[in-house]
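Asker: Questions regarding the structure given below will be posed in turn.
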Amino acid sequence: MLKGRQIKGLRVITFQDGKEVGRVGDLLIDEENGMLRGLTIENRGILKNTKYVKREQIVRVGRDAVMINGMDAVEDYHPDKQTGLFWHQKVGQNVFSREGTDIGTVQDIIFDFPEGRVVGIEMSGGIWADLNQGRKMIPWQQVVSGTSENIMVEALGEDLWQ
């Protein structure tokens, strides 16, 4: 399992010839089916432009780099074409149950690779809860909605932080 923060900032390198394309800028998530759609790639040059690579074109996610098939896997990023939720937009959002309980804040998104299935969201209950109990994970299947400033989840049956 991988976390979004483990991937953001990694170098993106082509498997065919070892060319560095840029660095991972963000993860694009399909909220409806809970799948990783792809990655945005940022270059560090003078003319900054954002590129995109589909999940299917990713060969391996390693400790130091993301390996992709080749330069033909890299597309120009078009916000109207590559739609979904961005990982960075979720981090720090408040999470509420349908009953109106503030559960905490999103710290990360956890997913399986290579299939790209989002497993869940890593939660923080605040600094004291994190120190005493650690962070908690809410399975992605319990996420009801998350397109605005708060994320809604199905009732968990108990307070995560007690």
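In the structure tokens, each chain is lettered A, B, ... as it comes, each chain's residues begin at 1, and ligands are numbered from 1 in order of appearance.
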Taking the backbone alone, and naming residues the way the document does, which bits of chain A are alpha helix (DSSP H) by DSSP, as a list in words?

Answerer: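 DSSP on the backbone gives alpha helix (DSSP H) at Gly4, Arg5, Gln6, Ile7, Trp87, His88, Gln89, Lys90, Ile127, Trp128, Ala129, Asp130, Leu131, Asn132 and Gln133 of chain A.
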
Asker: Can those selected residues be exported to a file as a tab-separated table (two decimals), in the first residue's frame so that it contains N, CA and C atoms?

Answerer:
```tsv
chain	number	residue	atom	x	y	z
A	4	GLY	N	-0.33	8.98	-0.60
A	4	GLY	CA	-0.11	10.08	-1.53
A	4	GLY	C	1.17	10.84	-1.26
A	5	ARG	N	1.48	11.09	0.02
A	5	ARG	CA	2.67	11.87	0.34
A	5	ARG	C	3.96	11.13	-0.01
A	6	GLN	N	3.91	9.79	-0.14
A	6	GLN	CA	5.09	9.03	-0.54
A	6	GLN	C	5.41	9.24	-2.01
A	7	ILE	N	4.42	9.62	-2.78
A	7	ILE	CA	4.57	9.74	-4.23
A	7	ILE	C	4.79	11.18	-4.67
A	87	TRP	N	-5.49	14.79	-4.87
A	87	TRP	CA	-5.06	14.41	-3.53
A	87	TRP	C	-4.82	15.65	-2.67
A	88	HIS	N	-4.11	16.66	-3.22
A	88	HIS	CA	-3.78	17.83	-2.39
A	88	HIS	C	-5.02	18.60	-1.95
A	89	GLN	N	-6.13	18.47	-2.68
A	89	GLN	CA	-7.36	19.14	-2.29
A	89	GLN	C	-8.05	18.46	-1.11
A	90	LYS	N	-7.73	17.22	-0.85
A	90	LYS	CA	-8.34	16.48	0.25
A	90	LYS	C	-7.60	16.65	1.56
A	127	ILE	N	-3.44	16.68	17.45
A	127	ILE	CA	-2.09	16.28	17.87
A	127	ILE	C	-2.12	15.32	19.05
A	128	TRP	N	-3.00	15.55	20.03
A	128	TRP	CA	-3.02	14.67	21.21
A	128	TRP	C	-3.55	13.29	20.85
A	129	ALA	N	-4.60	13.23	20.05
A	129	ALA	CA	-5.14	11.93	19.63
A	129	ALA	C	-4.11	11.18	18.80
A	130	ASP	N	-3.40	11.88	17.92
A	130	ASP	CA	-2.38	11.23	17.10
A	130	ASP	C	-1.25	10.67	17.96
A	131	LEU	N	-0.82	11.45	18.96
A	131	LEU	CA	0.26	10.99	19.83
A	131	LEU	C	-0.18	9.82	20.71
A	132	ASN	N	-1.40	9.88	21.23
A	132	ASN	CA	-1.88	8.83	22.14
A	132	ASN	C	-2.34	7.57	21.43
A	133	GLN	N	-3.01	7.72	20.30
A	133	GLN	CA	-3.64	6.57	19.64
A	133	GLN	C	-3.16	6.32	18.23
```

Asker: Can you tell me, as an mmCIF file with C-alpha atoms, in the first residue's frame, what residues are no more than 12 Å from Gly38 in chain A when counting only C-alpha atoms, ignoring any on the same chain fewer than 6 positions away?

Answerer:
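Output file around35.cif is given in full below:
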```cif
data_model
loop_
_atom_site.group_PDB
_atom_site.id
_atom_site.type_symbol
_atom_site.label_atom_id
_atom_site.label_comp_id
_atom_site.auth_asym_id
_atom_site.auth_seq_id
_atom_site.Cartn_x
_atom_site.Cartn_y
_atom_site.Cartn_z
ATOM 1 C CA GLY A 4 -0.105 10.077 -1.530
ATOM 2 C CA ILE A 7 4.574 9.737 -4.231
ATOM 3 C CA VAL A 24 4.912 14.048 -9.442
ATOM 4 C CA GLY A 25 2.737 17.063 -8.786
ATOM 5 C CA ASP A 26 -0.492 15.429 -7.678
ATOM 6 C CA LEU A 27 -2.635 12.308 -7.774
ATOM 7 C CA LEU A 28 -5.928 12.361 -9.658
ATOM 8 C CA ILE A 29 -8.618 10.212 -8.006
ATOM 9 C CA ASP A 30 -11.895 8.995 -9.518
ATOM 10 C CA LYS A 51 1.796 17.039 -17.896
ATOM 11 C CA TYR A 52 -0.333 13.991 -17.140
ATOM 12 C CA VAL A 53 0.206 10.234 -17.168
ATOM 13 C CA LYS A 54 -2.556 7.638 -16.836
ATOM 14 C CA ARG A 55 -2.270 4.966 -14.153
ATOM 15 C CA GLU A 56 -2.082 2.252 -16.813
ATOM 16 C CA GLN A 57 1.151 3.781 -18.115
ATOM 17 C CA ILE A 58 2.896 3.590 -14.734
ATOM 18 C CA VAL A 66 7.932 6.633 -10.567
ATOM 19 C CA ILE A 68 6.491 5.103 -16.721
ATOM 20 C CA ALA A 73 2.693 7.889 -22.103
ATOM 21 C CA VAL A 74 3.001 11.592 -21.222
ATOM 22 C CA GLU A 75 0.105 13.835 -22.236
ATOM 23 C CA TYR A 77 -2.697 18.169 -18.843
ATOM 24 C CA GLN A 82 -8.597 14.770 -16.946
ATOM 25 C CA THR A 83 -11.306 15.224 -14.327
ATOM 26 C CA GLY A 84 -11.498 13.912 -10.788
ATOM 27 C CA LEU A 85 -10.404 14.773 -7.284
ATOM 28 C CA PHE A 86 -6.876 15.845 -6.547
ATOM 29 C CA TRP A 87 -5.057 14.412 -3.531
ATOM 30 C CA PHE A 113 -0.609 -0.221 -6.626
ATOM 31 C CA PRO A 114 -0.550 -1.377 -9.424
ATOM 32 C CA GLU A 115 -4.343 -1.735 -9.556
ATOM 33 C CA GLY A 116 -4.754 1.822 -8.241
ATOM 34 C CA ARG A 117 -7.670 1.112 -5.888
#
```

Asker: May I have the residues within 12 Å of Gly126 in chain A as a PyMOL selection string, using only C-alpha atoms and disregarding those fewer than 5 positions away in the same chain?

Answerer: chain A and resi 92+94+102-107+131-136+160-161

Asker: Using the selection just defined, write its residues with N, CA and C atoms as an mmCIF file, in the first residue's frame.

Answerer:
```cif
data_model
loop_
_atom_site.group_PDB
_atom_site.id
_atom_site.type_symbol
_atom_site.label_atom_id
_atom_site.label_comp_id
_atom_site.auth_asym_id
_atom_site.auth_seq_id
_atom_site.Cartn_x
_atom_site.Cartn_y
_atom_site.Cartn_z
ATOM 1 N N GLY A 92 -6.198 17.947 4.791
ATOM 2 C CA GLY A 92 -6.609 19.029 5.676
ATOM 3 C C GLY A 92 -8.106 19.253 5.739
ATOM 4 N N ASN A 94 -11.969 18.691 6.703
ATOM 5 C CA ASN A 94 -12.685 18.115 7.832
ATOM 6 C C ASN A 94 -13.540 16.954 7.367
ATOM 7 N N ASP A 102 -17.916 15.532 14.100
ATOM 8 C CA ASP A 102 -16.636 15.896 13.500
ATOM 9 C C ASP A 102 -15.653 14.789 13.838
ATOM 10 N N ILE A 103 -15.225 14.041 12.840
ATOM 11 C CA ILE A 103 -14.368 12.880 13.059
ATOM 12 C C ILE A 103 -12.894 13.260 13.069
ATOM 13 N N GLY A 104 -12.522 14.279 12.343
ATOM 14 C CA GLY A 104 -11.124 14.693 12.277
ATOM 15 C C GLY A 104 -10.820 15.323 10.941
ATOM 16 N N THR A 105 -9.545 15.282 10.558
ATOM 17 C CA THR A 105 -9.128 15.852 9.285
ATOM 18 C C THR A 105 -8.357 14.822 8.468
ATOM 19 N N VAL A 106 -8.452 14.953 7.154
ATOM 20 C CA VAL A 106 -7.744 14.058 6.235
ATOM 21 C C VAL A 106 -6.257 14.406 6.258
ATOM 22 N N GLN A 107 -5.419 13.389 6.419
ATOM 23 C CA GLN A 107 -3.976 13.579 6.370
ATOM 24 C C GLN A 107 -3.365 12.987 5.109
ATOM 25 N N LEU A 131 -0.823 11.451 18.962
ATOM 26 C CA LEU A 131 0.259 10.995 19.834
ATOM 27 C C LEU A 131 -0.182 9.819 20.712
ATOM 28 N N ASN A 132 -1.398 9.879 21.225
ATOM 29 C CA ASN A 132 -1.882 8.833 22.138
ATOM 30 C C ASN A 132 -2.341 7.570 21.429
ATOM 31 N N GLN A 133 -3.015 7.718 20.296
ATOM 32 C CA GLN A 133 -3.638 6.573 19.643
ATOM 33 C C GLN A 133 -3.160 6.322 18.231
ATOM 34 N N GLY A 134 -2.426 7.261 17.670
ATOM 35 C CA GLY A 134 -2.019 7.129 16.277
ATOM 36 C C GLY A 134 -3.119 7.606 15.353
ATOM 37 N N ARG A 135 -2.811 7.666 14.100
ATOM 38 C CA ARG A 135 -3.810 8.067 13.110
ATOM 39 C C ARG A 135 -4.686 6.878 12.769
ATOM 40 N N LYS A 136 -5.884 7.146 12.309
ATOM 41 C CA LYS A 136 -6.857 6.111 11.966
ATOM 42 C C LYS A 136 -7.110 6.126 10.466
ATOM 43 N N LEU A 160 -13.959 7.406 16.822
ATOM 44 C CA LEU A 160 -12.629 6.883 16.485
ATOM 45 C C LEU A 160 -11.593 7.185 17.559
ATOM 46 N N TRP A 161 -11.769 8.253 18.285
ATOM 47 C CA TRP A 161 -10.726 8.758 19.156
ATOM 48 C C TRP A 161 -10.965 8.474 20.634
#
```

Asker: Give me the residues near Ile121 in chain A as a list in words, where near means some atom within 10 Å (using only C-alpha atoms) and where sequence neighbours in that chain fewer than 5 positions away do not count.

Answerer: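 Near Ile121 in chain A, the qualifying residues are Lys3, Lys90, Val91, Thr105, Val106, Gln107, Asp108, Ile109, Ile110, Phe111, Lys136, Met137, Ile138, Pro139, Trp140, Gln142 and Val143 of chain A.
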